[in-house]
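Below is my_file00.tsv, holding TSV, C-alpha atoms.
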chain	number	residue	atom	x	y	z
S	1	MET	CA	25.20	9.66	15.99
S	2	SER	CA	22.01	9.03	17.91
S	3	LYS	CA	21.70	9.38	21.66
S	4	PHE	CA	21.11	5.62	21.75
S	5	LEU	CA	22.33	3.00	19.32
S	6	TYR	CA	19.52	0.78	18.17
S	7	ARG	CA	19.99	-2.43	16.24
S	8	SER	CA	16.33	-3.52	16.12
S	9	TYR	CA	12.97	-1.77	16.06
S	10	VAL	CA	9.33	-2.86	16.18
S	11	ALA	CA	6.43	-0.53	15.36
S	12	MET	CA	3.06	-1.21	17.01
S	13	GLY	CA	-0.14	0.53	15.97
S	14	ASP	CA	-3.04	0.85	13.56
S	15	SER	CA	-3.37	2.04	9.95
S	16	LEU	CA	-1.40	5.22	10.63
S	17	THR	CA	1.63	3.14	11.62
S	18	GLU	CA	0.98	0.58	8.89
S	19	GLY	CA	1.40	3.48	6.47
S	20	LEU	CA	-1.95	3.99	4.76
S	21	GLY	CA	-2.13	7.25	2.84
S	22	ASP	CA	1.57	7.42	2.01
S	23	THR	CA	2.42	7.84	-1.66
S	24	GLY	CA	2.30	4.51	-3.51
S	25	PHE	CA	0.96	2.55	-0.53
S	26	GLU	CA	-1.86	0.97	-2.55
S	27	GLU	CA	0.65	-0.50	-5.02
S	28	ASN	CA	3.18	-1.63	-2.43
S	29	ARG	CA	2.70	-1.09	1.29
S	30	HIS	CA	6.30	-1.97	2.18
S	31	ASN	CA	8.64	0.91	2.97
S	32	LYS	CA	5.63	3.19	3.33
S	33	GLY	CA	4.45	5.18	6.33
S	34	TRP	CA	6.17	7.09	9.09
S	35	ALA	CA	7.38	3.98	10.95
S	36	ASP	CA	9.02	2.48	7.86
S	37	ARG	CA	10.53	5.88	7.06
S	38	LEU	CA	11.88	6.08	10.60
S	39	ALA	CA	13.31	2.56	10.28
S	40	SER	CA	15.23	3.72	7.20
S	41	LEU	CA	16.80	6.55	9.21
S	42	LEU	CA	17.68	4.18	12.04
S	43	ALA	CA	19.19	1.71	9.56
S	44	ARG	CA	21.33	4.49	8.09
S	45	GLU	CA	22.72	5.50	11.46
S	46	ALA	CA	23.33	1.89	12.43
S	47	ALA	CA	25.18	1.29	9.15
S	48	PHE	CA	27.40	4.32	9.68
S	49	ALA	CA	28.28	2.81	13.07
S	50	GLY	CA	29.05	-0.51	11.41
S	51	HIS	CA	26.03	-2.41	12.72
S	52	ALA	CA	23.23	-4.36	11.11
S	53	PHE	CA	19.66	-3.20	11.68
S	54	ASP	CA	16.42	-5.19	11.87
S	55	PHE	CA	12.87	-3.87	11.61
S	56	ALA	CA	9.37	-5.29	12.03
S	57	ASN	CA	6.06	-3.48	11.60
S	58	VAL	CA	3.28	-5.40	13.36
S	59	ALA	CA	0.74	-2.57	12.99
S	60	LEU	CA	-2.54	-3.37	11.27
S	61	ARG	CA	-5.31	-1.13	10.01
S	62	GLY	CA	-8.45	-1.02	12.10
S	63	SER	CA	-6.65	-2.11	15.27
S	64	SER	CA	-8.00	-0.81	18.56
S	65	SER	CA	-5.84	-0.27	21.62
S	66	LEU	CA	-7.17	-3.58	22.93
S	67	HIS	CA	-5.60	-5.42	19.96
S	68	ILE	CA	-2.44	-3.33	19.85
S	69	LEU	CA	-1.72	-3.78	23.56
S	70	THR	CA	-2.43	-7.51	23.55
S	71	ALA	CA	-1.84	-9.42	20.30
S	72	GLN	CA	0.67	-6.95	18.85
S	73	LEU	CA	2.41	-6.68	22.20
S	74	GLU	CA	2.88	-10.45	22.45
S	75	ARG	CA	4.49	-10.57	19.00
S	76	THR	CA	6.74	-7.64	19.87
S	77	LEU	CA	7.87	-9.29	23.10
S	78	GLU	CA	8.83	-12.42	21.15
S	79	LEU	CA	11.10	-10.31	18.93
S	80	LYS	CA	12.82	-8.55	21.90
S	81	PRO	CA	13.70	-5.34	20.05
S	82	ASP	CA	15.91	-2.50	21.27
S	83	LEU	CA	13.30	0.08	20.30
S	84	VAL	CA	9.50	0.03	20.23
S	85	THR	CA	7.06	2.74	19.16
S	86	ILE	CA	3.40	2.59	20.15
S	87	MET	CA	0.91	4.78	18.34
S	88	THR	CA	-2.55	3.94	19.57
S	89	GLY	CA	-5.93	5.44	20.33
S	90	ALA	CA	-7.30	6.65	16.99
S	91	ASN	CA	-9.66	3.69	16.59
S	92	ASP	CA	-10.91	4.02	20.16
S	93	LEU	CA	-12.23	7.57	19.91
S	94	SER	CA	-15.75	6.50	18.92
S	95	TRP	CA	-15.99	4.28	22.00
S	96	LEU	CA	-13.68	6.17	24.35
S	97	PRO	CA	-16.05	6.64	27.32
S	98	TRP	CA	-16.32	2.84	27.64
S	99	ARG	CA	-12.74	1.95	26.80
S	100	LYS	CA	-10.65	4.33	28.90
S	101	LYS	CA	-10.79	2.07	31.95
S	102	ALA	CA	-9.47	-0.85	29.90
S	103	ILE	CA	-6.80	1.09	27.98
S	104	ASP	CA	-5.18	2.55	31.11
S	105	PRO	CA	-4.06	-0.77	32.68
S	106	LEU	CA	-3.25	-2.30	29.29
S	107	LEU	CA	-0.85	0.51	28.39
S	108	ARG	CA	0.76	0.38	31.83
S	109	GLY	CA	1.17	-3.39	31.57
S	110	ALA	CA	2.64	-3.09	28.08
S	111	LEU	CA	5.30	-0.64	29.27
S	112	VAL	CA	6.26	-2.86	32.21
S	113	ARG	CA	6.64	-5.93	30.00
S	114	LEU	CA	8.54	-4.09	27.25
S	115	TYR	CA	10.94	-2.63	29.80
S	116	ASP	CA	11.45	-6.15	31.16
S	117	VAL	CA	12.89	-7.26	27.80
S	118	GLY	CA	15.15	-4.19	27.66
S	119	ALA	CA	13.23	-2.17	25.05
S	120	HIS	CA	13.31	1.61	24.84
S	121	VAL	CA	9.69	2.66	24.27
S	122	VAL	CA	8.42	5.81	22.58
S	123	LEU	CA	4.71	6.62	22.75
S	124	ILE	CA	2.89	8.73	20.16
S	125	ASN	CA	-0.34	10.40	21.21
S	126	THR	CA	-3.42	10.97	19.02
S	127	VAL	CA	-3.55	13.61	16.32
S	128	ARG	CA	-5.93	16.55	16.77
S	129	PRO	CA	-8.57	16.14	14.02
S	130	ALA	CA	-9.23	19.77	13.08
S	131	HIS	CA	-8.95	19.50	9.29
S	132	THR	CA	-12.67	19.05	8.54
S	133	THR	CA	-15.91	20.07	10.22
S	134	LEU	CA	-16.92	16.45	10.85
S	135	ALA	CA	-13.47	15.54	12.17
S	136	LYS	CA	-13.63	18.37	14.70
S	137	LEU	CA	-16.37	16.49	16.52
S	138	MET	CA	-13.62	14.17	17.83
S	139	ILE	CA	-11.24	16.86	19.08
S	140	GLY	CA	-12.40	16.52	22.68
S	141	ARG	CA	-11.98	12.77	22.70
S	142	SER	CA	-8.60	12.93	20.99
S	143	ARG	CA	-7.48	15.31	23.73
S	144	GLN	CA	-8.72	12.89	26.41
S	145	MET	CA	-6.83	10.03	24.78
S	146	SER	CA	-3.70	12.12	24.42
S	147	ASN	CA	-3.91	13.15	28.07
S	148	LEU	CA	-4.18	9.49	29.07
S	149	ILE	CA	-1.11	8.56	27.02
S	150	GLU	CA	0.89	11.55	28.26
S	151	ARG	CA	0.02	10.89	31.89
S	152	ILE	CA	1.08	7.24	31.75
S	153	GLY	CA	4.18	8.12	29.76
S	154	ALA	CA	5.19	10.66	32.42
S	155	GLU	CA	4.66	8.15	35.22
S	156	PHE	CA	6.90	5.59	33.51
S	157	GLY	CA	9.44	8.03	32.13
S	158	ALA	CA	8.51	7.05	28.58
S	159	PRO	CA	8.89	9.85	26.01
S	160	VAL	CA	5.67	10.90	24.30
S	161	VAL	CA	5.79	12.42	20.82
S	162	ASP	CA	3.07	15.05	20.81
S	163	VAL	CA	1.39	14.86	17.42
S	164	HIS	CA	-1.77	16.27	19.01
S	165	SER	CA	-0.14	19.71	19.11
S	166	MET	CA	1.14	19.64	15.51
S	167	ARG	CA	-0.72	22.47	13.79
S	168	GLU	CA	0.22	21.14	10.35
S	169	PHE	CA	-2.52	18.53	10.67
S	170	GLU	CA	-5.12	21.28	10.44
S	171	ARG	CA	-4.14	21.47	6.75
S	172	LEU	CA	-5.72	19.14	4.19
S	173	ASP	CA	-2.41	18.54	2.38
S	174	PHE	CA	-1.19	16.64	5.44
S	175	TRP	CA	-4.03	14.14	4.98
S	176	ALA	CA	-4.68	11.54	2.30
S	177	SER	CA	-7.77	11.77	0.10
S	178	ASP	CA	-9.83	9.79	2.64
S	179	LEU	CA	-9.09	12.53	5.23
S	180	VAL	CA	-8.45	9.81	7.82
S	181	HIS	CA	-4.87	8.77	7.10
S	182	PHE	CA	-1.74	10.86	6.77
S	183	SER	CA	-0.55	11.93	3.35
S	184	SER	CA	3.17	11.57	2.63
S	185	ASN	CA	3.56	15.07	4.11
S	186	GLY	CA	1.99	13.88	7.35
S	187	HIS	CA	4.05	10.69	7.49
S	188	VAL	CA	7.28	12.65	6.95
S	189	ARG	CA	6.30	15.11	9.69
S	190	VAL	CA	5.77	12.34	12.23
S	191	THR	CA	8.93	10.52	11.12
S	192	ASN	CA	11.10	13.54	11.73
S	193	GLN	CA	9.48	14.34	15.07
S	194	VAL	CA	10.19	10.83	16.37
S	195	ALA	CA	13.71	11.05	14.92
S	196	GLU	CA	14.24	14.26	16.88
S	197	GLU	CA	12.99	12.62	20.06
S	198	LEU	CA	15.47	9.78	19.54
S	199	GLY	CA	18.33	12.20	18.92
S	200	LEU	CA	19.00	10.93	15.40
S	201	THR	CA	21.17	13.00	13.10
S	202	CYS	CA	19.36	11.89	9.93
S	203	ARG	CA	16.02	13.27	8.77
S	204	ASP	CA	13.56	12.36	6.04
S	205	GLU	CA	14.22	15.06	3.46
S	206	THR	CA	11.30	14.16	1.18
S	207	ALA	CA	9.90	17.37	-0.27
S	208	ASN	CA	6.32	18.39	0.52
S	209	VAL	CA	3.83	16.96	-1.95
S	210	ALA	CA	1.13	19.31	-3.19
S	211	GLY	CA	-2.37	18.32	-2.07
S	212	LYS	CA	-5.82	19.76	-1.51
S	213	THR	CA	-6.02	22.99	0.44
S	214	ARG	CA	-9.81	23.08	0.64
S	215	LEU	CA	-12.71	20.64	0.34
S	216	GLY	CA	-15.27	21.87	-2.16
S	217	PRO	CA	-18.92	20.68	-2.28
S	218	LEU	CA	-18.28	18.02	-4.95
S	219	SER	CA	-15.22	16.71	-3.14
S	220	PHE	CA	-17.14	16.68	0.14
S	221	PHE	CA	-20.00	14.55	-1.16
S	222	SER	CA	-17.60	12.25	-3.00
S	223	TRP	CA	-15.68	11.78	0.25
S	224	LEU	CA	-18.89	10.99	2.15
S	225	GLY	CA	-19.87	8.27	-0.32
S	226	HIS	CA	-16.43	6.78	-0.88
S	227	ASP	CA	-14.97	6.93	2.64
S	228	VAL	CA	-17.31	8.04	5.44
S	229	ILE	CA	-20.35	5.85	4.77
S	230	PRO	CA	-18.31	2.63	4.24
S	231	PHE	CA	-16.36	3.40	7.44
S	232	TRP	CA	-19.47	3.69	9.59
S	233	SER	CA	-21.03	0.70	7.87
S	234	ARG	CA	-18.08	-1.40	9.04
S	235	LYS	CA	-18.37	0.10	12.53
S	236	VAL	CA	-22.03	-0.87	12.80
S	237	ARG	CA	-21.28	-4.41	11.59
S	238	GLY	CA	-18.30	-4.72	13.92
S	239	VAL	CA	-15.92	-5.43	11.04
S	240	THR	CA	-12.53	-3.71	11.03
S	241	SER	CA	-10.71	-2.62	7.88
S	242	GLY	CA	-7.96	-5.07	8.84
S	243	PHE	CA	-10.25	-8.10	8.90
S	244	GLY	CA	-8.59	-10.97	7.03
S	245	ARG	CA	-5.31	-9.09	6.63
S	246	GLU	CA	-1.90	-9.66	8.15
S	247	PRO	CA	0.69	-7.11	9.28
S	248	LYS	CA	3.21	-6.02	6.66
S	249	HIS	CA	5.98	-7.93	8.37
S	250	ASP	CA	5.79	-9.41	11.84
S	251	LEU	CA	9.25	-10.95	11.50
S	252	PHE	CA	12.44	-8.94	11.53
S	253	LEU	CA	13.64	-7.70	8.16
S	254	ARG	CA	17.31	-6.83	7.75
S	255	MET	CA	17.45	-3.25	6.48
S	256	ILE	CA	20.47	-2.05	4.57
S	257	ASP	CA	21.17	1.57	3.68
S	258	PRO	CA	23.40	1.43	0.55
S	259	LEU	CA	24.97	4.87	1.02
S	260	ALA	CA	25.81	4.38	4.67
S	261	ALA	CA	27.08	0.84	4.08
S	262	ALA	CA	29.34	2.02	1.25
S	263	ALA	CA	30.70	4.90	3.32
S	264	HIS	CA	31.44	2.56	6.22
S	265	ALA	CA	33.17	0.08	3.92
S	266	ALA	CA	35.31	2.88	2.47
S	267	ASN	CA	36.33	4.03	5.94
S	268	GLU	CA	37.23	0.49	6.94
S	269	ALA	CA	39.37	0.15	3.82
S	270	ASP	CA	41.44	3.15	4.94
S	271	VAL	CA	42.39	1.42	8.18
S	272	PRO	CA	45.71	-0.44	7.88
S	273	SER	CA	45.35	-4.15	8.32
S	274	VAL	CA	47.35	-5.88	11.00
S	275	PRO	CA	48.51	-9.48	10.58
S	276	VAL	CA	47.08	-11.80	13.21
S	277	ALA	CA	49.46	-14.23	14.87
S	278	VAL	CA	48.24	-17.81	14.84
Would you kindly transcribe this structure into structure tokens?
Amino acid sequence: MSKFLYRSYVAMGDSLTEGLGDTGFEENRHNKGWADRLASLLAREAAFAGHAFDFANVALRGSSSLHILTAQLERTLELKPDLVTIMTGANDLSWLPWRKKAIDPLLRGALVRLYDVGAHVVLINTVRPAHTTLAKLMIGRSRQMSNLIERIGAEFGAPVVDVHSMREFERLDFWASDLVHFSSNGHVRVTNQVAEELGLTCRDETANVAGKTRLGPLSFFSWLGHDVIPFWSRKVRGVTSGFGREPKHDLFLRMIDPLAAAAHAANEADVPSVPVAV
């Protein structure tokens, strides 16, 4: 059983938390991504304890820390969850020198307000982009952002899951074909690291999915045309990839783990019933 018993969870973040890159996301984005995978583990442990479990994922692709720590925060506070994860910073790296002063007080304020509603908060820092030559240009800024998150987390006693130090993300098979979002391997890795931080007994046992181990010349130029150029075109125009979209589910969904629910029901059936005097 987990160190804490959670009955509700809200995930805040950008496309990484929304689940882009996970297997089958383009066909159906529900139940995809590390946060949804984590919610399934939490639902299983809650079911074994005989409790219902609710989950909302308010993350949206293209979201900056400014959006995550304002609009997403307000929705999360309305839901009053037991557990909140915040993965932020990836979409701020291009503008980090100008945004650090704003992000610092916003993250502090978010923690204060989430603690006020009784939420346990887990922060996730920014991944170290060392998987391609172009991505490596952002390593310094990702370290700065991670330091900011870790420093504030330490001050507030909020656990920080250190994805920045995960060496697996130097491998291409932990990234989707766009080389920006996690592949299913990457999502599973983050899921299990957060599960470990929470003291859960369950883990995502999904087997590693084979992916690219190197980026050849043809793949490189295809990636530039299909992913890199459109990305920077949106940046220049000030249009996010989430423009016109809504979060997957910004209302609580009741999650049911069939195996855990059945096991709990079987255990309850073994307990002798006692007549109640009326």
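Counting only C-alpha atoms and comparing S:Lys80, S:Arg143, S:Lys32, S:His187, the residue that lies closest to Asp116 in chain S is S:Lys80.
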| request: Compile the contact shell of Asp173 in chain S as a count of residues only: residues with an atom at most 12 Å away, counting only C-alpha atoms, same-chain residues fewer than 3 positions apart removed. | output: 28
| task | Would you mind listing what lies within 12 Å of Ile68 in chain S as a PyMOL selection string, with all atoms listed in the file counted and same-chain residues fewer than 3 positions away left out? | result | chain S and resi 11-15+17+57-65+71-76+85-92+103+106-107+110+247
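Take the candidates S:Ile139, S:Ala52, S:Phe252, S:Ile124 and check each one against Leu93 in chain S using all atoms listed in the file; the shortest distance goes to S:Ile139.
Nearest residue to Val161 in chain S among S:Ala195, S:Ala135, S:Met145, S:Val117 is S:Ala195, counting all atoms listed in the file.
Of the residues under consideration (S:Val84, S:Ile256, S:Ala207, S:Met166), S:Ile256 shows the shortest atom-to-atom contact distance to Ala46 in chain S when counting all atoms listed in the file.
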